[in-house]
Structure formats: structure tokens, C-alpha cells
file final_29.pdb (PDB, C-alpha atoms)
ATOM      1  CA  MET A   1     -54.225 164.798  44.568
ATOM      2  CA  PRO A   2     -53.775 165.135  40.781
ATOM      3  CA  GLU A   3     -57.512 164.752  40.151
ATOM      4  CA  VAL A   4     -58.335 167.640  42.496
ATOM      5  CA  ARG A   5     -55.695 169.902  40.921
ATOM      6  CA  GLN A   6     -56.908 169.011  37.427
ATOM      7  CA  SER A   7     -60.473 170.072  38.254
ATOM      8  CA  SER A   8     -59.334 173.164  40.173
ATOM      9  CA  PHE A   9     -57.233 174.497  37.300
ATOM     10  CA  ALA A  10     -60.054 173.865  34.823
ATOM     11  CA  LEU A  11     -62.388 175.859  37.078
ATOM     12  CA  LEU A  12     -59.814 178.656  37.378
ATOM     13  CA  GLY A  13     -59.548 178.877  33.579
ATOM     14  CA  ASP A  14     -63.333 179.072  33.226
ATOM     15  CA  LEU A  15     -63.616 181.717  35.954
ATOM     16  CA  THR A  16     -60.859 183.754  34.301
ATOM     17  CA  LYS A  17     -62.819 183.797  31.035
ATOM     18  CA  ALA A  18     -66.209 184.476  32.632
ATOM     19  CA  CYS A  19     -65.478 186.847  35.543
ATOM     20  CA  PHE A  20     -61.825 187.920  35.592
ATOM     21  CA  VAL A  21     -62.594 190.852  37.879
ATOM     22  CA  HIS A  22     -62.980 188.365  40.747
ATOM     23  CA  VAL A  23     -59.884 186.353  39.837
ATOM     24  CA  LYS A  24     -57.513 189.294  39.330
ATOM     25  CA  PRO A  25     -56.904 190.119  43.046
ATOM     26  CA  CYS A  26     -55.551 186.589  43.578
ATOM     27  CA  ILE A  27     -53.270 186.332  40.515
ATOM     28  CA  ALA A  28     -50.094 186.724  42.610
ATOM     29  CA  GLU A  29     -51.104 183.624  44.571
ATOM     30  CA  PHE A  30     -52.371 181.586  41.608
ATOM     31  CA  MET A  31     -49.447 181.999  39.190
ATOM     32  CA  PRO A  32     -46.728 180.308  41.334
ATOM     33  CA  ILE A  33     -49.095 177.391  41.986
ATOM     34  CA  LEU A  34     -49.871 177.035  38.280
ATOM     35  CA  GLY A  35     -46.176 177.220  37.469
ATOM     36  CA  THR A  36     -45.257 174.384  39.811
ATOM     37  CA  ASN A  37     -47.827 172.171  38.081
ATOM     38  CA  LEU A  38     -46.328 172.482  34.587
ATOM     39  CA  ASN A  39     -45.125 168.919  34.946
ATOM     40  CA  PRO A  40     -45.763 166.526  32.016
ATOM     41  CA  GLU A  41     -45.724 163.596  34.446
ATOM     42  CA  PHE A  42     -49.364 164.452  35.251
ATOM     43  CA  ILE A  43     -50.508 165.378  31.762
ATOM     44  CA  SER A  44     -54.123 166.332  32.575
ATOM     45  CA  VAL A  45     -53.029 168.538  35.485
ATOM     46  CA  CYS A  46     -50.320 170.058  33.312
ATOM     47  CA  ASN A  47     -52.713 170.757  30.431
ATOM     48  CA  ASN A  48     -55.248 172.527  32.644
ATOM     49  CA  ALA A  49     -52.545 174.556  34.414
ATOM     50  CA  THR A  50     -51.146 175.588  31.018
ATOM     51  CA  TRP A  51     -54.583 176.603  29.768
ATOM     52  CA  ALA A  52     -55.310 178.613  32.936
ATOM     53  CA  ILE A  53     -52.007 180.500  32.521
ATOM     54  CA  GLY A  54     -52.942 181.306  28.932
ATOM     55  CA  GLU A  55     -56.369 182.629  29.915
ATOM     56  CA  ILE A  56     -54.875 184.782  32.682
ATOM     57  CA  CYS A  57     -52.255 186.157  30.275
ATOM     58  CA  MET A  58     -54.956 186.994  27.718
ATOM     59  CA  GLN A  59     -56.888 188.977  30.315
ATOM     60  CA  MET A  60     -54.141 190.918  32.067
ATOM     61  CA  GLY A  61     -52.277 192.865  29.389
ATOM     62  CA  VAL A  62     -49.296 193.314  31.729
ATOM     63  CA  PHE A  63     -46.524 190.911  32.566
ATOM     64  CA  LEU A  64     -43.813 190.379  35.150
ATOM     65  CA  GLY A  65     -40.650 190.151  33.093
ATOM     66  CA  SER A  66     -38.846 188.092  35.714
ATOM     67  CA  GLN A  67     -41.357 185.301  35.123
ATOM     68  CA  VAL A  68     -40.939 185.015  31.314
ATOM     69  CA  TRP A  69     -37.979 182.651  31.469
ATOM     70  CA  PHE A  70     -39.609 180.457  34.122
ATOM     71  CA  ARG A  71     -42.906 180.148  32.231
ATOM     72  CA  CYS A  72     -41.401 179.612  28.783
ATOM     73  CA  THR A  73     -38.783 177.038  29.831
ATOM     74  CA  SER A  74     -41.491 175.119  31.681
ATOM     75  CA  LEU A  75     -43.910 175.236  28.752
ATOM     76  CA  ARG A  76     -41.330 174.173  26.172
ATOM     77  CA  ASN A  77     -41.078 170.729  27.803
ATOM     78  CA  ILE A  78     -44.801 170.051  27.360
ATOM     79  CA  ARG A  79     -46.114 168.316  24.255
ATOM     80  CA  ASP A  80     -47.867 170.575  21.739
ATOM     81  CA  ASN A  81     -51.613 170.882  22.309
ATOM     82  CA  GLU A  82     -54.374 173.504  22.471
ATOM     83  CA  GLU A  83     -53.644 174.366  26.103
ATOM     84  CA  LYS A  84     -49.967 175.020  25.376
ATOM     85  CA  ASP A  85     -50.927 177.116  22.340
ATOM     86  CA  SER A  86     -53.292 179.163  24.517
ATOM     87  CA  ALA A  87     -50.567 179.841  27.085
ATOM     88  CA  PHE A  88     -48.033 181.059  24.520
ATOM     89  CA  ARG A  89     -50.641 183.143  22.687
ATOM     90  CA  GLY A  90     -51.524 184.759  25.995
ATOM     91  CA  ILE A  91     -47.897 185.686  26.640
ATOM     92  CA  CYS A  92     -47.590 187.110  23.104
ATOM     93  CA  VAL A  93     -50.756 189.171  23.532
ATOM     94  CA  MET A  94     -49.445 190.638  26.783
ATOM     95  CA  ILE A  95     -46.120 191.547  25.200
ATOM     96  CA  GLY A  96     -47.982 193.237  22.346
ATOM     97  CA  VAL A  97     -50.229 195.215  24.690
ATOM     98  CA  ASN A  98     -47.449 196.205  27.070
ATOM     99  CA  PRO A  99     -43.955 195.545  25.654
ATOM    100  CA  GLY A 100     -42.432 197.503  28.523
ATOM    101  CA  GLY A 101     -43.774 194.871  30.891
ATOM    102  CA  VAL A 102     -41.175 192.430  29.588
ATOM    103  CA  VAL A 103     -38.111 194.251  30.795
ATOM    104  CA  GLN A 104     -35.152 194.461  28.463
ATOM    105  CA  GLY A 105     -32.506 193.375  30.917
ATOM    106  CA  TRP A 106     -33.464 192.038  34.298
ATOM    107  CA  VAL A 107     -30.546 190.887  36.452
ATOM    108  CA  TRP A 108     -30.341 187.106  36.267
ATOM    109  CA  CYS A 109     -27.095 186.116  38.037
ATOM    110  CA  LEU A 110     -24.343 187.379  40.319
ATOM    111  CA  ALA A 111     -20.782 186.519  41.280
ATOM    112  CA  ALA A 112     -18.390 188.299  43.658
ATOM    113  CA  ARG A 113     -14.672 188.519  44.348
ATOM    114  CA  ASP A 114     -13.400 190.606  47.273
ATOM    115  CA  SER A 115     -15.191 193.983  47.020
ATOM    116  CA  ARG A 116     -16.178 193.501  43.390
ATOM    117  CA  VAL A 117     -19.449 192.105  42.082
ATOM    118  CA  CYS A 118     -20.399 191.197  38.527
ATOM    119  CA  SER A 119     -24.007 190.878  37.382
ATOM    120  CA  GLY A 120     -25.290 189.010  34.338
ATOM    121  CA  SER A 121     -28.439 190.172  32.588
ATOM    122  CA  TRP A 122     -31.022 189.148  30.034
ATOM    123  CA  ASP A 123     -29.855 192.078  27.884
ATOM    124  CA  SER A 124     -26.695 190.019  27.078
ATOM    125  CA  THR A 125     -24.358 192.101  29.228
ATOM    126  CA  VAL A 126     -22.114 191.472  32.213
ATOM    127  CA  LYS A 127     -21.544 194.533  34.370
ATOM    128  CA  LEU A 128     -18.817 194.848  37.000
ATOM    129  CA  TRP A 129     -19.309 196.885  40.165
ATOM    130  CA  ASP A 130     -16.890 198.070  42.860
ATOM    131  CA  LEU A 131     -18.511 198.042  46.302
ATOM    132  CA  ALA A 132     -15.459 199.778  47.790
ATOM    133  CA  ALA A 133     -16.212 202.720  45.486
ATOM    134  CA  GLU A 134     -19.861 203.023  46.551
ATOM    135  CA  GLY A 135     -21.052 200.551  43.938
ATOM    136  CA  GLN A 136     -19.637 202.338  40.894
ATOM    137  CA  GLN A 137     -19.543 200.391  37.636
ATOM    138  CA  PHE A 138     -16.007 199.799  36.367
ATOM    139  CA  GLY A 139     -16.467 197.444  33.434
ATOM    140  CA  GLU A 140     -18.887 195.804  31.001
ATOM    141  CA  ILE A 141     -18.827 192.736  28.752
ATOM    142  CA  ARG A 142     -21.288 192.349  25.895
ATOM    143  CA  GLU A 143     -22.210 188.773  24.988
ATOM    144  CA  LYS A 144     -24.194 187.479  21.999
ATOM    145  CA  ALA A 145     -27.039 186.061  24.112
ATOM    146  CA  ALA A 146     -28.643 186.366  27.547
ATOM    147  CA  VAL A 147     -26.189 185.816  30.405
ATOM    148  CA  LEU A 148     -27.657 183.156  32.682
ATOM    149  CA  CYS A 149     -24.749 182.247  34.996
ATOM    150  CA  LEU A 150     -21.332 183.480  36.157
ATOM    151  CA  SER A 151     -18.232 182.350  38.026
ATOM    152  CA  TYR A 152     -15.756 185.011  39.210
ATOM    153  CA  ARG A 153     -12.221 184.121  40.309
ATOM    154  CA  PRO A 154      -8.994 186.152  40.635
ATOM    155  CA  ASP A 155      -7.680 184.890  37.279
ATOM    156  CA  VAL A 156     -10.894 184.210  35.321
ATOM    157  CA  LEU A 157     -14.435 185.437  34.855
ATOM    158  CA  VAL A 158     -16.578 182.709  33.281
ATOM    159  CA  THR A 159     -19.972 183.314  31.663
ATOM    160  CA  GLY A 160     -22.688 180.879  30.616
ATOM    161  CA  THR A 161     -25.204 182.070  28.046
ATOM    162  CA  TYR A 162     -28.490 181.111  26.438
ATOM    163  CA  ASP A 163     -26.766 180.181  23.169
ATOM    164  CA  LYS A 164     -25.096 177.102  24.807
ATOM    165  CA  THR A 165     -21.746 178.882  25.214
ATOM    166  CA  VAL A 166     -19.232 179.022  28.063
ATOM    167  CA  THR A 167     -16.790 181.940  27.691
ATOM    168  CA  VAL A 168     -13.677 182.642  29.763
ATOM    169  CA  TYR A 169     -12.346 186.186  30.348
ATOM    170  CA  ASP A 170      -9.260 187.509  32.160
ATOM    171  CA  PRO A 171     -10.325 190.162  34.697
ATOM    172  CA  ARG A 172      -6.674 191.158  35.142
ATOM    173  CA  ALA A 173      -6.481 192.315  31.515
ATOM    174  CA  GLY A 174      -9.581 194.447  31.188
ATOM    175  CA  GLN A 175     -11.900 191.442  30.765
ATOM    176  CA  ALA A 176     -10.065 190.210  27.656
ATOM    177  CA  GLN A 177     -11.568 187.016  26.196
ATOM    178  CA  VAL A 178      -9.378 183.955  26.733
ATOM    179  CA  SER A 179     -11.460 181.116  25.297
ATOM    180  CA  SER A 180     -14.987 180.007  24.391
ATOM    181  CA  TYR A 181     -16.590 176.586  23.932
ATOM    182  CA  LYS A 182     -20.027 174.955  23.565
ATOM    183  CA  PRO A 183     -20.246 171.874  25.819
ATOM    184  CA  HIS A 184     -24.055 171.553  25.906
ATOM    185  CA  ALA A 185     -27.013 171.015  23.595
ATOM    186  CA  SER A 186     -29.082 173.727  25.292
ATOM    187  CA  ALA A 187     -28.769 176.893  27.390
ATOM    188  CA  VAL A 188     -26.027 177.004  30.045
ATOM    189  CA  LEU A 189     -27.804 177.618  33.359
ATOM    190  CA  SER A 190     -25.133 177.187  36.066
ATOM    191  CA  LEU A 191     -21.373 177.473  36.513
ATOM    192  CA  ALA A 192     -18.617 176.868  39.039
ATOM    193  CA  ALA A 193     -14.840 177.093  38.581
ATOM    194  CA  ASP A 194     -11.531 176.766  40.366
ATOM    195  CA  GLU A 195      -7.913 176.916  39.250
ATOM    196  CA  ARG A 196      -8.248 173.533  37.523
ATOM    197  CA  LEU A 197     -11.855 172.936  36.426
ATOM    198  CA  ILE A 198     -14.929 174.666  35.009
ATOM    199  CA  VAL A 199     -18.181 172.877  35.859
ATOM    200  CA  SER A 200     -21.337 173.756  33.918
ATOM    201  CA  GLY A 201     -24.982 172.677  34.083
ATOM    202  CA  SER A 202     -27.496 172.989  31.274
ATOM    203  CA  GLU A 203     -31.156 172.782  30.413
ATOM    204  CA  ASP A 204     -30.231 169.618  28.509
ATOM    205  CA  ARG A 205     -29.894 168.011  31.984
ATOM    206  CA  THR A 206     -26.156 167.452  31.723
ATOM    207  CA  LEU A 207     -23.305 168.345  34.043
ATOM    208  CA  VAL A 208     -20.029 168.938  32.147
ATOM    209  CA  VAL A 209     -16.582 169.149  33.743
ATOM    210  CA  PHE A 210     -14.014 171.051  31.638
ATOM    211  CA  ASP A 211     -10.271 170.783  32.297
ATOM    212  CA  ARG A 212      -8.846 174.316  32.026
ATOM    213  CA  ARG A 213      -5.253 173.178  31.602
ATOM    214  CA  ALA A 214      -5.966 170.556  28.960
ATOM    215  CA  GLY A 215      -8.615 172.681  27.256
ATOM    216  CA  ALA A 216     -10.939 169.688  26.937
ATOM    217  CA  VAL A 217     -14.054 168.113  28.455
ATOM    218  CA  LEU A 218     -13.083 165.786  31.286
ATOM    219  CA  GLN A 219     -16.503 164.389  32.225
ATOM    220  CA  ARG A 220     -20.154 164.519  31.185
ATOM    221  CA  LEU A 221     -22.970 163.376  33.506
ATOM    222  CA  GLN A 222     -26.599 162.927  32.426
ATOM    223  CA  LEU A 223     -29.051 163.934  35.187
ATOM    224  CA  ASP A 224     -32.799 163.566  35.749
ATOM    225  CA  ASN A 225     -33.333 167.328  36.245
ATOM    226  CA  TYR A 226     -31.424 170.418  35.195
ATOM    227  CA  LEU A 227     -29.240 172.420  37.571
ATOM    228  CA  LEU A 228     -29.885 176.143  37.898
ATOM    229  CA  SER A 229     -27.199 176.968  40.462
ATOM    230  CA  MET A 230     -24.028 175.472  41.895
ATOM    231  CA  SER A 231     -21.164 176.140  44.292
ATOM    232  CA  TYR A 232     -17.834 174.301  44.237
ATOM    233  CA  ARG A 233     -15.536 174.229  47.255
ATOM    234  CA  GLY A 234     -12.697 171.759  47.699
ATOM    235  CA  SER A 235     -13.975 168.234  47.154
ATOM    236  CA  GLN A 236     -17.699 169.025  47.179
ATOM    237  CA  LEU A 237     -20.036 170.399  44.522
ATOM    238  CA  TRP A 238     -23.426 171.629  45.779
ATOM    239  CA  ALA A 239     -26.171 172.388  43.250
ATOM    240  CA  GLY A 240     -29.854 173.375  43.105
ATOM    241  CA  ASP A 241     -32.266 172.031  40.488
ATOM    242  CA  ASN A 242     -35.504 173.045  38.784
ATOM    243  CA  GLN A 243     -37.569 170.985  41.248
ATOM    244  CA  GLY A 244     -36.400 172.896  44.342
ATOM    245  CA  ARG A 245     -33.931 170.242  45.503
ATOM    246  CA  VAL A 246     -30.302 170.564  46.546
ATOM    247  CA  TYR A 247     -27.737 168.067  45.243
ATOM    248  CA  LEU A 248     -24.379 167.128  46.726
ATOM    249  CA  PHE A 249     -21.746 165.705  44.360
ATOM    250  CA  GLY A 250     -18.578 164.078  45.652
ATOM    251  CA  SER A 251     -15.293 164.711  43.854
ATOM    252  CA  GLY A 252     -12.895 161.916  42.997
ATOM    253  CA  GLY A 253      -9.754 161.680  40.926
ATOM    254  CA  SER A 254     -11.702 161.242  37.696
ATOM    255  CA  GLY A 255     -14.486 163.807  38.258
ATOM    256  CA  PHE A 256     -17.760 164.101  40.160
ATOM    257  CA  GLN A 257     -20.306 161.529  41.228
ATOM    258  CA  PRO A 258     -23.841 162.299  42.503
ATOM    259  CA  ALA A 259     -23.949 161.515  46.211
ATOM    260  CA  ARG A 260     -27.453 162.508  47.389
ATOM    261  CA  TYR A 261     -30.106 165.193  47.151
ATOM    262  CA  PHE A 262     -32.181 167.030  49.773
ATOM    263  CA  ASP A 263     -35.435 168.924  50.193
ATOM    264  CA  VAL A 264     -34.506 172.229  51.886
ATOM    265  CA  GLY A 265     -37.994 173.748  51.907
ATOM    266  CA  HIS A 266     -38.214 175.592  48.585
ATOM    267  CA  ARG A 267     -41.496 175.233  46.685
ATOM    268  CA  LEU A 268     -40.063 176.213  43.293
ATOM    269  CA  GLN A 269     -36.768 175.995  41.423
ATOM    270  CA  ILE A 270     -33.541 176.969  43.193
ATOM    271  CA  THR A 271     -32.033 179.868  41.260
ATOM    272  CA  GLY A 272     -29.078 180.658  43.524
ATOM    273  CA  LEU A 273     -26.847 178.592  45.809
ATOM    274  CA  TRP A 274     -23.719 179.448  47.793
ATOM    275  CA  HIS A 275     -21.777 176.989  49.942
ATOM    276  CA  SER A 276     -18.897 177.596  52.320
ATOM    277  CA  VAL A 277     -17.577 175.862  55.411
ATOM    278  CA  GLY A 278     -20.452 175.849  57.900
ATOM    279  CA  SER A 279     -23.094 177.578  55.755
ATOM    280  CA  LEU A 280     -25.344 177.031  52.748
ATOM    281  CA  TYR A 281     -27.428 179.814  51.153
ATOM    282  CA  THR A 282     -30.240 179.195  48.643
ATOM    283  CA  THR A 283     -32.608 181.465  46.704
ATOM    284  CA  SER A 284     -35.654 180.512  44.683
ATOM    285  CA  THR A 285     -38.438 181.735  42.429
ATOM    286  CA  ASP A 286     -40.681 181.093  45.448
ATOM    287  CA  ARG A 287     -39.276 184.499  46.598
ATOM    288  CA  THR A 288     -37.377 183.127  49.579
ATOM    289  CA  LEU A 289     -33.762 183.236  50.686
ATOM    290  CA  ARG A 290     -32.838 180.430  53.063
ATOM    291  CA  ILE A 291     -29.728 179.915  55.182
ATOM    292  CA  HIS A 292     -28.821 176.369  56.189
ATOM    293  CA  VAL A 293     -26.177 174.438  58.049
ATOM    294  CA  PRO A 294     -24.740 172.028  55.411
ATOM    295  CA  THR A 295     -25.261 168.873  57.442
ATOM    296  CA  ASP A 296     -26.750 165.596  56.166
ATOM    297  CA  PRO A 297     -29.522 166.576  55.624
ATOM    298  CA  PRO A 298     -29.067 170.395  55.631
ATOM    299  CA  ARG A 299     -30.694 172.153  58.583
ATOM    300  CA  THR A 300     -32.487 175.452  57.833
ATOM    301  CA  ILE A 301     -31.750 178.134  60.420
ATOM    302  CA  CYS A 302     -33.236 181.212  58.730
ATOM    303  CA  SER A 303     -35.708 182.045  55.960
ATOM    304  CA  TRP A 304     -36.598 185.433  54.497
ATOM    305  CA  THR A 305     -39.327 186.275  51.971
ATOM    306  CA  HIS A 306     -38.698 188.936  49.317
ATOM    307  CA  ASP A 307     -41.241 191.045  47.401
ATOM    308  CA  ASP A 308     -40.000 189.617  44.088
ATOM    309  CA  VAL A 309     -38.432 186.438  42.772
ATOM    310  CA  LEU A 310     -34.743 185.969  43.634
ATOM    311  CA  ASN A 311     -32.526 184.969  40.726
ATOM    312  CA  GLY A 312     -29.064 184.579  42.235
ATOM    313  CA  ILE A 313     -26.886 185.004  45.299
ATOM    314  CA  SER A 314     -23.263 185.666  46.186
ATOM    315  CA  VAL A 315     -21.731 185.706  49.669
ATOM    316  CA  ASP A 316     -18.424 187.079  50.977
ATOM    317  CA  GLY A 317     -17.992 186.877  54.726
ATOM    318  CA  ASP A 318     -20.970 188.633  56.309
ATOM    319  CA  VAL A 319     -21.971 190.411  53.082
ATOM    320  CA  VAL A 320     -24.765 188.886  51.006
ATOM    321  CA  ALA A 321     -25.727 190.123  47.522
ATOM    322  CA  ALA A 322     -28.851 188.904  45.732
ATOM    323  CA  ALA A 323     -30.294 189.564  42.275
ATOM    324  CA  SER A 324     -34.019 190.113  42.091
ATOM    325  CA  GLY A 325     -36.632 190.112  39.373
ATOM    326  CA  GLY A 326     -37.248 193.769  40.161
ATOM    327  CA  LEU A 327     -34.170 194.852  38.139
ATOM    328  CA  SER A 328     -32.066 195.360  41.260
ATOM    329  CA  VAL A 329     -28.997 194.023  43.025
ATOM    330  CA  GLU A 330     -29.485 194.171  46.788
ATOM    331  CA  VAL A 331     -26.673 193.926  49.341
ATOM    332  CA  TRP A 332     -27.022 193.080  53.039
ATOM    333  CA  ARG A 333     -24.574 192.830  55.916
ATOM    334  CA  LEU A 334     -25.553 189.990  58.248
ATOM    335  CA  ARG A 335     -25.732 190.605  61.967
ATOM    336  CA  THR A 336     -24.667 187.948  64.468
TER     337      THR A 336
END
call {"tool": "encode", "arguments": {"input": "final_29.pdb", "output": "C-alpha cells"}}
result
Amino acid sequence: MPEVRQSSFALLGDLTKACFVHVKPCIAEFMPILGTNLNPEFISVCNNATWAIGEICMQMGVFLGSQVWFRCTSLRNIRDNEEKDSAFRGICVMIGVNPGGVVQGWVWCLAARDSRVCSGSWDSTVKLWDLAAEGQQFGEIREKAAVLCLSYRPDVLVTGTYDKTVTVYDPRAGQAQVSSYKPHASAVLSLAADERLIVSGSEDRTLVVFDRRAGAVLQRLQLDNYLLSMSYRGSQLWAGDNQGRVYLFGSGGSGFQPARYFDVGHRLQITGLWHSVGSLYTTSTDRTLRIHVPTDPPRTICSWTHDDVLNGISVDGDVVAAASGGLSVEVWRLRT
């Protein structure tokens, strides 16, 4: 109930100020709960959750870099007030006390093609790795802003960045830049591409379809939430949003239309999604990786909890690669 959460978060803020030594052991449990309640729909709950985050930040003096984006993008949608000011001041204090705690380049997104994987980072770089050569790096692209999403195909490597830009590179020509455009009013958070289209999602809650051959925007959809991950195969576009839901868009001759959305069990935003015939993989800031059968609704067959938040996923056959908030790219081979 909103009333119960409102009172609970107010109590947590007071306890943090008065006796933080007793609150500190439970911070790892409290922070995800506070984060999920940064929803302006329940303004009193949101205000108290924001204030509690600020008080915790003021006390700790350390910070998990992988959570900066999640906290700040959530807080920016809340109206300005004392609680919001407290939360941002707390984050600033922690950065000042321990600047190393906000890592310079945590891995935010992944995309794979055959034995090659590219990773996008908050340090504005894209790095390319060859798994067939024991994971050696064979290329790097330097963008002008944080790289938040990628799409990797035989003829193009597409990046989406914080500065609202979608950039297309040719991986066959040493990652030479082919084109660049700004289809959104805010950060580009998700991408998918094929030989004909580039589909992008943004924090401005739009889905934009770009025609590669015509070099022009084909369609623009306004959504209720923003999409953090997507996977495009054939006539279907699957996507995950900031509320932990999975969307299925149907493709017609003139573009995409929202078909339906599903709850697949994630408590927080879906940061990575991969769809293929017979399987659907999702990752989330709730630290879980889930494998589903893409039925209507999707049926979860496996769930695994990681030590850190998971920021992206790429799948090729029985090989799964995931980006984590712990500055690592982890690769697994699934067993049947």
C-alpha cells in the first residue's frame, strides 16, 4: 500500500540520520526497493524514497558506479523539491569523498556476431573482442558520449549514445563511420537493426524506425515508458522497458505496431533482451538473468541471480555473454 511505503521510507530516512550503524548492513536490500519507488505517480512515496536515498548517500561515502545511471535517470523525472535536492547532494558528496567509486567506464551494453563481441561503455568507447583468439581485443571506436546500446551485423555496427545520436560504422572497413543522425530528443537507450531498418528507443519514450536505404525516418511511435533493450527477428520486435515489462511489436508493411506487453518476473528495469526462435533471454538491474519460452504469455524456464546488476546480454547458439556492473563481460556455454 502506498501509505505504508510512504511511512516506511520516512522512518528509514530518520534511522539513517540517527543511527546509520544499524542501517548500513541492510543497504544492499534497501537500495533496490527505494529505486523501484521513484515513481512520481505516488508523489508522497516517491518523495520519501528520494529523501531516504539522499540520506544513505550522505552517510556512506562510497558508491556503486553501476547504479549511478539508474538513480539519476529515475530522479530526473521527479519534480524539484527538497527530497530530490537531498538525493542529488548525497550522490555528489559520495563522488567527492570517493571519486574512484564512480567507475570511469563500466560496461553498459553488448552485441555479438559469430565469434566476435563488441562492448559499449560509459567511458564513450566501443571495444571489439575476438573470442576465437582467447578474447583478444582487435578494435576500438571512440564516441563523443557514453555508449548505451549497440547492434552488430555483418555489414554494420550501430551505436546509440547519451548525446541522442545513432552512428553507423562498417566493420568490414576497420570500423569506418558511414553515417550519423539524431532521431530522438533524449539519450538513445536501445537499438536493433537488419539489412533494411534501424530501430531505436530513447528516454524520450519514442520508438523510431529508420530506413537505411532511403536514409530517412520511416516511423515514430510515442510510448508510455522508455525501452532499454530490444531484439528484432523477422516480423517481430521484442523489447524491455524501464518498468520490468516485455513488449511485443508486430511488423507490417508500414512499420511496427504495439501488440501486447508481459510481466516476465523482473522487479526492476529490463536492461538486456535477446529473442530467437524458441527462446527469450532477459537481464535486469534486479541482478537476474531469465530464460523464457516466447509464448503468449512468455513462460520462464530458468532464472539465475548474479552478484551485480546485469546491463546487457548477447546470445549465439549455446554461448551467452552478459555485461555486468562489476566492470566485466562474462561468457557462459549452456548445457542441455
call {"tool": "atom_distance", "arguments": {"input": "final_29.pdb", "atom1": "atom CA of A:Asp163", "atom2": "atom CA of A:Tyr281"}}
result
28.0 Å
call {"tool": "residues_around", "arguments": {"input": "final_29.pdb", "residues": "A:Arg245", "least_positions_apart": "3", "cutoff": "9 Å", "atoms": "all atoms listed in the file", "output": "PyMOL selection string"}}
result
chain A and resi 239-242+261-266+268-270
call {"tool": "residues_around", "arguments": {"input": "final_29.pdb", "residues": "stretch 198-201 of chain A", "least_positions_apart": "4", "cutoff": "9 Å", "atoms": "all atoms listed in the file", "output": "tab-separated table (two decimals) with C-alpha atoms, in the frame of the given file"}}
result
chain	number	residue	atom	x	y	z
A	151	SER	CA	-18.23	182.35	38.03
A	158	VAL	CA	-16.58	182.71	33.28
A	160	GLY	CA	-22.69	180.88	30.62
A	166	VAL	CA	-19.23	179.02	28.06
A	183	PRO	CA	-20.25	171.87	25.82
A	184	HIS	CA	-24.06	171.55	25.91
A	187	ALA	CA	-28.77	176.89	27.39
A	188	VAL	CA	-26.03	177.00	30.04
A	189	LEU	CA	-27.80	177.62	33.36
A	190	SER	CA	-25.13	177.19	36.07
A	191	LEU	CA	-21.37	177.47	36.51
A	192	ALA	CA	-18.62	176.87	39.04
A	193	ALA	CA	-14.84	177.09	38.58
A	194	ASP	CA	-11.53	176.77	40.37
A	205	ARG	CA	-29.89	168.01	31.98
A	206	THR	CA	-26.16	167.45	31.72
A	207	LEU	CA	-23.30	168.34	34.04
A	208	VAL	CA	-20.03	168.94	32.15
A	209	VAL	CA	-16.58	169.15	33.74
A	210	PHE	CA	-14.01	171.05	31.64
A	211	ASP	CA	-10.27	170.78	32.30
A	212	ARG	CA	-8.85	174.32	32.03
A	226	TYR	CA	-31.42	170.42	35.20
A	227	LEU	CA	-29.24	172.42	37.57
A	228	LEU	CA	-29.88	176.14	37.90
A	229	SER	CA	-27.20	176.97	40.46
A	230	MET	CA	-24.03	175.47	41.90
A	232	TYR	CA	-17.83	174.30	44.24
call {"tool": "atom_distance", "arguments": {"input": "final_29.pdb", "atom1": "atom CA of A:Gly135", "atom2": "atom CA of A:Leu150"}}
result
18.8 Å
call {"tool": "atom_distance", "arguments": {"input": "final_29.pdb", "atom1": "atom CA of A:Lys17", "atom2": "atom CA of A:Met1"}}
result
24.9 Å
call {"tool": "closest_residue", "arguments": {"input": "final_29.pdb", "among": "A:Asp204, A:Asp130, A:Glu195, A:Asp307", "to": "A:Leu289", "atoms": "all atoms listed in the file"}}
result
A:Asp307
call {"tool": "closest_residue", "arguments": {"input": "final_29.pdb", "among": "A:Ser303, A:Ser179, A:Thr159, A:Thr125", "to": "A:Ala216", "atoms": "all atoms listed in the file"}}
result
A:Ser179
call {"tool": "resolve_selection", "arguments": {"input": "final_29.pdb", "expression": "the PyMOL selection byres ((chain A and resi 299) around 12)", "output": "tab-separated table (two decimals) with C-alpha atoms, in the coordinates of the input"}}
result
chain	number	residue	atom	x	y	z
A	262	PHE	CA	-32.18	167.03	49.77
A	263	ASP	CA	-35.44	168.92	50.19
A	264	VAL	CA	-34.51	172.23	51.89
A	265	GLY	CA	-37.99	173.75	51.91
A	278	GLY	CA	-20.45	175.85	57.90
A	279	SER	CA	-23.09	177.58	55.76
A	280	LEU	CA	-25.34	177.03	52.75
A	281	TYR	CA	-27.43	179.81	51.15
A	290	ARG	CA	-32.84	180.43	53.06
A	291	ILE	CA	-29.73	179.92	55.18
A	292	HIS	CA	-28.82	176.37	56.19
A	293	VAL	CA	-26.18	174.44	58.05
A	294	PRO	CA	-24.74	172.03	55.41
A	295	THR	CA	-25.26	168.87	57.44
A	296	ASP	CA	-26.75	165.60	56.17
A	297	PRO	CA	-29.52	166.58	55.62
A	298	PRO	CA	-29.07	170.40	55.63
A	300	THR	CA	-32.49	175.45	57.83
A	301	ILE	CA	-31.75	178.13	60.42
A	302	CYS	CA	-33.24	181.21	58.73
A	303	SER	CA	-35.71	182.04	55.96
call {"tool": "residues_near_point", "arguments": {"input": "final_29.pdb", "point": "(-6.2, 182.9, 38.9)", "cutoff": "12 Å", "atoms": "only C-alpha atoms", "output": "PyMOL selection string"}}
result
chain A and resi 113+152-158+168-173+193-197+212
call {"tool": "residues_around", "arguments": {"input": "final_29.pdb", "residues": "A:Asp286", "least_positions_apart": "6", "cutoff": "10 Å", "atoms": "all atoms listed in the file", "output": "PyMOL selection string"}}
result
chain A and resi 32-33+36+244+266-271+305-306+308-310
call {"tool": "closest_residue", "arguments": {"input": "final_29.pdb", "among": "A:Ser284, A:Ser251, A:Gln222, A:Ser8", "to": "A:Gly234", "atoms": "only C-alpha atoms"}}
result
A:Ser251
call {"tool": "resolve_selection", "arguments": {"input": "final_29.pdb", "expression": "the PyMOL selection byres ((chain A and resi 118) around 9)", "output": "list in words"}}
result
Cys109, Leu110, Ala111, Ala112, Arg113, Arg116, Val117, Ser119, Gly120, Val126, Lys127, Leu128, Trp129, Asp130, Gly139, Glu140, Leu150 and Tyr152 of chain A
call {"tool": "resolve_selection", "arguments": {"input": "final_29.pdb", "expression": "the PyMOL selection byres ((chain A and resi 236) around 7)", "output": "ChimeraX atom specification"}}
result
/A:232-235,237-238,248-251
